[in-house]
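Data block below; observations after.
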Amino acid sequence: MLIRIGFVSIALAIFQNTPSSTFTYKLFQQRPRDEAMARAIEVGRKNLQATQRILYYNAAHGIRLYRMSSSLVPLATHPDVIIDVKEVYAKELAAIGEFIRKEDIRVTMHPNQFTLLNGNDKVVEAAVRDLEYHNALMDGMGLDGMHKINIHIGGVYGDKEKAVQKLYDNFHLVSEPIRKRLTFENDDKAYTTLETLTACETLGQPMMLDIHHDWCNPCDSTPLDLLPRIHATWGDAPMKMHVSSPRDPSDFRAHSDYIDPERLLEFLRGCKKQGLERIDVMVEAKQKDLACLKLAEDLAKVRGIKRLDGAVLEM
DNA sequence: GCCAGTCAAGTCCCG
DNA sequence: CGGGACTTGACTGGC
C-alpha cells in the first residue's frame, strides 16, 4: 500500500514565505478604489508566488500531497470587490498547474468553516461563490478531478435530519465542475463519520475521513468498520484522509505540534488489511511541513514500512 | 522589535 | 434577541 503524506498551507522551513498574506475589507475601504483593487491583486500575486515556492520545496523533499491556502487572493469573493482570478492570474496559475502535474503532486483546498451549503439563502449564496472561487483557481491550473475541494456538512440548527435535508435541497446550486472536486469531511462536534458518510453516499461525493475528528465525535461504528463504504465513495480517485493529534488530554480537540504515529498506524494497518492500494494522508499539525516529514520518518522506523521518498512510503 | 489587540467569517451557547 | 466564544494567521498600533 502506497502512503503519501502532505501538509497544510505554509512550509515553515522556508523563510518569510506565507501564501496567506491578507488585505482586509476595512483597509480596502480606506483607499481609493483603483488603488485598493490593485493592492488586493498584488497581495494575491505574492501569495501565488509563495505557493509556487512551496511547491518547489515539496518536489525537492518528496512531498507529493499539499493543501493550498484558501486565502490566496484576498477579497476575491467579497461582493463589493470580486476578482476574476482565472483571468487576472492566468499566467501564474498555468505555471503552477504545469509544475504540479510534472511533479505528480496532488493538491487540495479547504474553504474555511464559514463555507456551508445548508445555512440560510445568504449564507449558501456566499458559500457557492466561495466554492466557485476555489474551483476557478484549480481550473486555472488545469487540474483534474483528483485534486479536491473539501468542506463540512454545515450547521445543525437544532435538528440534524432537517439540516442535512437542507444540504440535499441546496445541492442543485453546486455546479457540475465543482461537484467533480467536492468532498465532505466529518467534524469534531456535529456530524459524525457515519452521518457524513451517509450524506456523501446520498449526494454521490467522496468522504474525507478526519480520524482525529472521529475520536472527538465518535459514532457506533469505527472508521475501519466503515472503511469499505468510505473507500467506495472515492471511485477512481485515491482515498484521502486527515490526521492530527490532540494537543493535550484536557484540550483534546486542539492540534498538537507533531503527529503521534501510534493511533494512525493502527488505522493504516487496517487499511492495508482491507486491501487498499493507496492512501493519501493530510497532516494537520502546528509544525506543518516539519510534522509531515517527521511522521514519514517515524513511520519508516516501523517494521514492514519502507520510505520511498521524503513523504512517500510503502507498507 | 515586541506584545496586545484587531480583522474576517457563521454557528452556537449563554443570559 | 443580543453579545461573546470559537478559530486562525496576518497584520496594525502602541510603547
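Please note that chains go A, B, ... in the order of the C-alpha cells, that every chain numbers its residues from 1, and that ligands are numbered from 1 in the order shown.
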From a backbone DSSP assignment, name each residue in region 91-312 of chain A labelled helix (DSSP H, G or I), as a PyMOL selection string. chain A and resi 91-102+121-140+160-173+176-179+193-203+211-216+223-233+261-273+288-300
Take the residues that were just selected and, keeping C-alpha atoms, output them as a short mmCIF file (atom, residue, chain, number, x, y, z; two decimals), in the first residue's frame.
data_model
loop_
_atom_site.label_atom_id
_atom_site.label_comp_id
_atom_site.auth_asym_id
_atom_site.auth_seq_id
_atom_site.Cartn_x
_atom_site.Cartn_y
_atom_site.Cartn_z
CA LYS A 91 -0.20 33.02 -16.37
CA GLU A 92 0.66 32.31 -12.75
CA LEU A 93 -2.00 29.63 -12.41
CA ALA A 94 -0.97 27.88 -15.61
CA ALA A 95 2.66 27.75 -14.47
CA ILE A 96 1.72 26.37 -11.04
CA GLY A 97 -0.55 23.76 -12.62
CA GLU A 98 2.12 22.65 -15.03
CA PHE A 99 4.56 22.16 -12.18
CA ILE A 100 2.00 20.24 -10.11
CA ARG A 101 1.40 17.80 -12.97
CA LYS A 102 5.08 17.45 -13.80
CA ASP A 121 -30.07 31.75 1.47
CA LYS A 122 -27.48 34.45 2.01
CA VAL A 123 -25.01 32.07 3.63
CA VAL A 124 -25.44 29.50 0.89
CA GLU A 125 -25.04 32.13 -1.80
CA ALA A 126 -21.73 33.20 -0.25
CA ALA A 127 -20.68 29.56 0.07
CA VAL A 128 -21.38 28.84 -3.60
CA ARG A 129 -19.43 31.95 -4.58
CA ASP A 130 -16.54 30.77 -2.39
CA LEU A 131 -16.61 27.30 -3.96
CA GLU A 132 -16.60 28.86 -7.40
CA TYR A 133 -13.54 30.89 -6.43
CA HIS A 134 -11.70 27.79 -5.23
CA ASN A 135 -12.73 25.90 -8.34
CA ALA A 136 -11.62 28.76 -10.61
CA LEU A 137 -8.13 28.63 -9.12
CA MET A 138 -7.83 24.89 -9.68
CA ASP A 139 -9.40 25.21 -13.10
CA GLY A 140 -6.89 27.91 -13.99
CA LYS A 160 -29.67 17.35 12.24
CA GLU A 161 -32.01 15.48 9.92
CA LYS A 162 -33.64 18.66 8.73
CA ALA A 163 -30.24 20.33 8.39
CA VAL A 164 -28.88 17.52 6.20
CA GLN A 165 -32.05 17.61 4.11
CA LYS A 166 -31.36 21.31 3.57
CA LEU A 167 -27.95 20.37 2.18
CA TYR A 168 -29.58 17.89 -0.21
CA ASP A 169 -32.14 20.50 -1.28
CA ASN A 170 -29.44 23.10 -1.91
CA PHE A 171 -27.09 20.82 -3.77
CA HIS A 172 -28.53 21.71 -7.18
CA LEU A 173 -26.88 25.13 -6.68
CA GLU A 176 -21.01 20.16 -12.14
CA PRO A 177 -17.31 21.24 -12.28
CA ILE A 178 -17.37 21.86 -8.52
CA ARG A 179 -19.08 18.53 -7.84
CA THR A 193 -18.25 9.81 10.36
CA LEU A 194 -21.39 7.76 9.74
CA GLU A 195 -23.63 10.80 9.30
CA THR A 196 -21.15 12.39 6.90
CA LEU A 197 -20.69 9.12 5.02
CA THR A 198 -24.44 8.74 4.59
CA ALA A 199 -24.69 12.28 3.20
CA CYS A 200 -21.77 11.59 0.84
CA GLU A 201 -23.38 8.40 -0.43
CA THR A 202 -26.67 10.21 -0.98
CA LEU A 203 -25.01 13.07 -2.87
CA ILE A 211 -9.64 10.42 12.08
CA HIS A 212 -8.98 12.89 14.90
CA HIS A 213 -12.48 14.31 14.47
CA ASP A 214 -13.79 10.77 14.73
CA TRP A 215 -12.02 10.33 18.06
CA CYS A 216 -13.59 13.60 19.27
CA PRO A 223 -13.62 4.16 10.88
CA LEU A 224 -12.24 0.73 9.94
CA ASP A 225 -15.75 -0.78 10.06
CA LEU A 226 -16.89 1.94 7.68
CA LEU A 227 -13.75 1.88 5.52
CA PRO A 228 -15.20 -0.19 2.65
CA ARG A 229 -18.05 2.28 2.30
CA ILE A 230 -15.82 5.34 2.71
CA HIS A 231 -13.34 3.97 0.18
CA ALA A 232 -16.15 3.28 -2.28
CA THR A 233 -17.21 6.94 -2.28
CA PRO A 261 2.13 7.81 14.79
CA GLU A 262 0.67 5.07 17.03
CA ARG A 263 -3.04 5.53 16.56
CA LEU A 264 -2.64 6.39 12.89
CA LEU A 265 -0.54 3.30 12.37
CA GLU A 266 -3.32 1.11 13.75
CA PHE A 267 -5.69 2.62 11.20
CA LEU A 268 -3.22 2.27 8.32
CA ARG A 269 -2.68 -1.40 9.18
CA GLY A 270 -6.43 -1.88 8.95
CA CYS A 271 -6.44 -0.18 5.54
CA LYS A 272 -3.68 -2.45 4.34
CA LYS A 273 -5.55 -5.49 5.67
CA LYS A 288 3.23 21.83 9.20
CA ASP A 289 5.84 20.53 6.72
CA LEU A 290 8.19 19.64 9.58
CA ALA A 291 5.49 17.45 11.14
CA CYS A 292 4.81 15.88 7.75
CA LEU A 293 8.45 14.85 7.29
CA LYS A 294 8.74 13.78 10.93
CA LEU A 295 5.73 11.49 10.54
CA ALA A 296 7.30 9.94 7.44
CA GLU A 297 10.49 9.42 9.41
CA ASP A 298 8.64 7.87 12.36
CA LEU A 299 6.58 5.55 10.16
CA ALA A 300 9.72 4.46 8.33
#
Pull the closest atom pair for each residue of chain B that gets at most 10 Å from region 1-6 of chain C, along with the distance in Å to one decimal, counting only C-alpha atoms (C1' of nucleotides), ordering rows by chain and then ascending residue number, as JSON lines.
{"residue": "B:DT11", "atom": "C1'", "partner": "C:DC6", "partner_atom": "C1'", "distance": 9.1}
{"residue": "B:DC12", "atom": "C1'", "partner": "C:DA5", "partner_atom": "C1'", "distance": 9.0}
{"residue": "B:DC13", "atom": "C1'", "partner": "C:DA5", "partner_atom": "C1'", "distance": 8.4}
{"residue": "B:DC14", "atom": "C1'", "partner": "C:DG4", "partner_atom": "C1'", "distance": 8.7}
{"residue": "B:DG15", "atom": "C1'", "partner": "C:DG3", "partner_atom": "C1'", "distance": 9.4}
Using only C-alpha atoms (C1' of nucleotides), determine which residues lie at most 12 Å from DG9 (chain C), disregarding the query and same-chain residues fewer than 5 positions distant; provide the list as a count of residues only. 13
As a ChimeraX atom specification, list the residues of region 183-260 of chain A assigned to strand (DSSP E or B) by DSSP on the backbone atoms of this structure. /A:183-185,207-210,239-243,246-248,251-255
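Contact shell of DC3 (chain B) at 12 Å (only C-alpha atoms (C1' of nucleotides); same-chain neighbours under 5 positions omitted): C:DT12, C:DG13, C:DG14, C:DC15.
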Could you write out the selected residues, including C-alpha atoms (C1' of nucleotides), as an mmCIF file, in the first residue's frame?
data_model
loop_
_atom_site.group_PDB
_atom_site.id
_atom_site.type_symbol
_atom_site.label_atom_id
_atom_site.label_comp_id
_atom_site.auth_asym_id
_atom_site.auth_seq_id
_atom_site.Cartn_x
_atom_site.Cartn_y
_atom_site.Cartn_z
ATOM 1 C "C1'" DT C 12 -1.673 47.094 12.942
ATOM 2 C "C1'" DG C 13 -0.666 50.244 16.515
ATOM 3 C "C1'" DG C 14 1.319 51.462 20.938
ATOM 4 C "C1'" DC C 15 5.429 51.606 23.566
#
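Within the 7 Å cut-off around region 236-244 of chain A, using only C-alpha atoms (C1' of nucleotides) and omitting residues fewer than 4 positions from it on the same chain, the listed residues are Met146, Met208, Leu209, Asp210, Ile211, His212, His231, His255, Ile259, Arg278, Ile279, Asp280, Val281, Met282, Val283, Glu284 and Ala285 of chain A.
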Requested write-out: C-alpha atoms of the selected residues, as a CSV table (one decimal), in the first residue's frame:
chain,number,residue,atom,x,y,z
A,146,MET,CA,-8.4,14.1,-8.5
A,208,MET,CA,-12.9,12.9,3.7
A,209,LEU,CA,-12.3,11.0,6.8
A,210,ASP,CA,-10.7,13.0,9.6
A,211,ILE,CA,-9.6,10.4,12.1
A,212,HIS,CA,-9.0,12.9,14.9
A,231,HIS,CA,-13.3,4.0,0.2
A,255,HIS,CA,-4.0,20.2,17.2
A,259,ILE,CA,1.7,13.6,14.9
A,278,ARG,CA,-3.0,3.7,-1.8
A,279,ILE,CA,-4.0,6.2,0.8
A,280,ASP,CA,-3.2,9.9,1.0
A,281,VAL,CA,-2.7,11.3,4.5
A,282,MET,CA,-3.0,15.0,5.1
A,283,VAL,CA,-1.2,16.1,8.3
A,284,GLU,CA,-2.8,18.9,10.3
A,285,ALA,CA,-0.2,19.9,12.8
Pull out every residue of chain A that has at least one atom within 7 Å of chain B, counting only C-alpha atoms (C1' of nucleotides), and report them as a ChimeraX atom specification. /A:24,114,155
Convert the current residue selection to file output with C-alpha atoms, as a compact mmCIF listing (two decimals), in the first residue's frame.
# COMPACT_ATOMS: atom_id res chain seq x y z
CA THR A 24 -8.94 43.24 4.78
CA PHE A 114 -17.88 29.53 7.23
CA GLY A 155 -24.65 23.72 10.84
When you get a sec, could you note down which chain C residues fall within 10 Å of chain A, using only C-alpha atoms (C1' of nucleotides), as a list in words?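 For chain C, the answer reads DT7, DT8, DG9, DA10 and DC11 of chain C.
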